[in-house]
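Have a look at the structure below, then the notes.
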Amino acid sequence: MPSEHSFATRKRADRRQVLKKAKKVIITCAVTGSIHTPSMSPHLPITPDEIADQAIAASEAGAAMLHLHARDPATGKPDQSPELFAQFLPRIKQHSDAIINITTGGGLGMTLDQRLAPAKWAQPEVASMNMGSFNFNISGAAGKLETFKHDWEKPYLDMTQDFILSNTFSQIERGLAELSAMGTRFEFECYDVGHLYNLAHFADRGLAKPPFFVQSIFGILGGIGADPDNLLHMRMIADRLFGDDYYLSVLAAGRHQMSFVTMSALLGGNVRVGLEDSLYAGRGKLATSNAEQVAKIRRILEELSFEIATPDEARAMIQTKGRDNVAF
């Protein structure tokens, strides 16, 4: 069995130990997710039409990549049925040039078969891949709501006090193998430092291929906290493990969103926004759409003299198979 450090050790002598700094910043927009519930915001897209409309608008605002979940159109509950994805993916592709990135995290408590089903059906350019199991607690959100629109919402949030988001080595290996065979690339979601070492393990075994698009996630209770020192540490460890074989991207939950992703860009990385990660556009102000958040981070970055990557420029950076080589 290879050492956990062998990927970095083997490569250290023949490459620079710094992340691959992007000449232009990739903006990813996570459109609806599976954390927030309909009672939290009237602007959270639920139906296939709402998801499609907001995804297309986010692309027009500057998002090069769209990270997509589906929901039951009647209740808003997370739903990984390929039939639901089929109601919005072709429309998004028709009206947007953005890279479509399908979740394999799905909804909390789903089986691996359920989580992988839409990506296996759609064979997208990119799919997300969580890189380790950990406590995932969003129960605090229930205490902020006095009433709920749907019966499923409060139990869904409350159960996370005793919930482990399962991403075992065998589960990760299966997801990597099955989707890589279709030419799909990955958004490697790393909620803590150990997840970077897990990615290095799979890279050493040849199951994950560079360039790695590493999405570092901050602010979920159970994962690494949204502290600037933690972002610096995550970047330092990723530099040591992957050198210039990776692109850093960052998302932060809730109120930390805009400041943290801006810090990512200042460090040479990329950014992710969207109503999956935060429902707000400013202190106490609900975002009315995903496009509002994309436009805001684009405005911030351009004021700081960063250039924004187009979808095709993002494709070249992370080496996807192209928009015409998907199954929808």
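Here, A, B, ... name the chains of the structure tokens in the order displayed, residue numbers run from 1 inside each chain, and ligands are numbered from 1 in the same displayed order.
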
Each segment 91-192 of chain A residue no farther than 12 Å from segment 60-74 of chain A, nearest pair in Å, only C-alpha atoms, as a Markdown table:
| residue | atom | partner | partner_atom | distance |
| --- | --- | --- | --- | --- |
| A:Ile92 | CA | A:Leu66 | CA | 9.5 |
| A:Lys93 | CA | A:Leu66 | CA | 10.5 |
| A:His95 | CA | A:Glu60 | CA | 9.6 |
| A:Ser96 | CA | A:Glu60 | CA | 7.6 |
| A:Asp97 | CA | A:Ala64 | CA | 7.9 |
| A:Ala98 | CA | A:Ala64 | CA | 4.9 |
| A:Ile99 | CA | A:Met65 | CA | 4.5 |
| A:Ile100 | CA | A:Leu66 | CA | 5.1 |
| A:Asn101 | CA | A:His67 | CA | 4.6 |
| A:Ile102 | CA | A:Leu68 | CA | 5.1 |
| A:Thr103 | CA | A:His69 | CA | 5.9 |
| A:Thr104 | CA | A:His69 | CA | 8.9 |
| A:Gly105 | CA | A:His69 | CA | 8.9 |
| A:Gly106 | CA | A:His69 | CA | 6.8 |
| A:Gly107 | CA | A:His69 | CA | 8.6 |
| A:Arg115 | CA | A:His69 | CA | 10.2 |
| A:Leu116 | CA | A:His69 | CA | 11.7 |
| A:Ala117 | CA | A:His69 | CA | 11.9 |
| A:Pro118 | CA | A:His69 | CA | 9.3 |
| A:Ala119 | CA | A:Leu68 | CA | 10.4 |
| A:Ala122 | CA | A:Leu68 | CA | 11.9 |
| A:Pro124 | CA | A:His67 | CA | 10.9 |
| A:Glu125 | CA | A:Met65 | CA | 10.1 |
| A:Val126 | CA | A:His67 | CA | 8.8 |
| A:Ala127 | CA | A:His67 | CA | 8.1 |
| A:Ser128 | CA | A:His67 | CA | 8.0 |
| A:Met129 | CA | A:His67 | CA | 11.7 |
| A:Lys149 | CA | A:Ala74 | CA | 11.1 |
| A:His150 | CA | A:Ala74 | CA | 9.7 |
| A:Trp152 | CA | A:Asp72 | CA | 11.7 |
| A:Phe186 | CA | A:His67 | CA | 11.2 |
| A:Glu187 | CA | A:His67 | CA | 9.3 |
| A:Glu189 | CA | A:His67 | CA | 11.9 |

Exercise. Out of segment 101-299 of chain A, which residues get alpha helix (DSSP H) from DSSP, as a ChimeraX atom specification?
Worked result: /A:112-122,153-158,169-180,193-204,228-242,257-266,290-299

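The smallest atom-to-atom distance between Ala55 of chain A and any of A:Lys209, A:Lys120, A:Arg91, A:Lys296, using only C-alpha atoms, is found for A:Arg91.
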
Exercise. Which residues, written as an NGL selection string, have at least one atom at most 10 Å from Val271 of chain A, with only C-alpha atoms counted and residues fewer than 6 positions away on the same chain left out?
Worked result: :A and (25-29 or 63 or 215-216 or 248-252 or 257-258 or 260-265 or 294 or 297-298 or 301)

For this session: Could you tell me which of A:Ile164, A:Met234, A:Leu196, A:Ala226 comes closest to His256 of chain A if we count only C-alpha atoms?
Result: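 Result for the nearest residue to His256 of chain A: A:Ala226.
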
Any chance you could tabulate, as a Markdown table, the residues of segment 265-284 of chain A at most 9 Å from segment 43-50 of chain A with each one's nearest atom pair and distance in Å to one decimal, using only C-alpha atoms, in chain and rising number order?
| residue | atom | partner | partner_atom | distance |
| --- | --- | --- | --- | --- |
| A:Leu275 | CA | A:Leu44 | CA | 6.7 |
| A:Glu276 | CA | A:Leu44 | CA | 8.5 |
| A:Leu279 | CA | A:Leu44 | CA | 7.8 |

Problem set entry | Counting only C-alpha atoms, the option among A:Asn198, A:Thr111, A:Asn130, A:Thr32 closest to Ala58 of chain A |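 Ranked by minimum distance to Ala58 of chain A, first place goes to A:Thr32.
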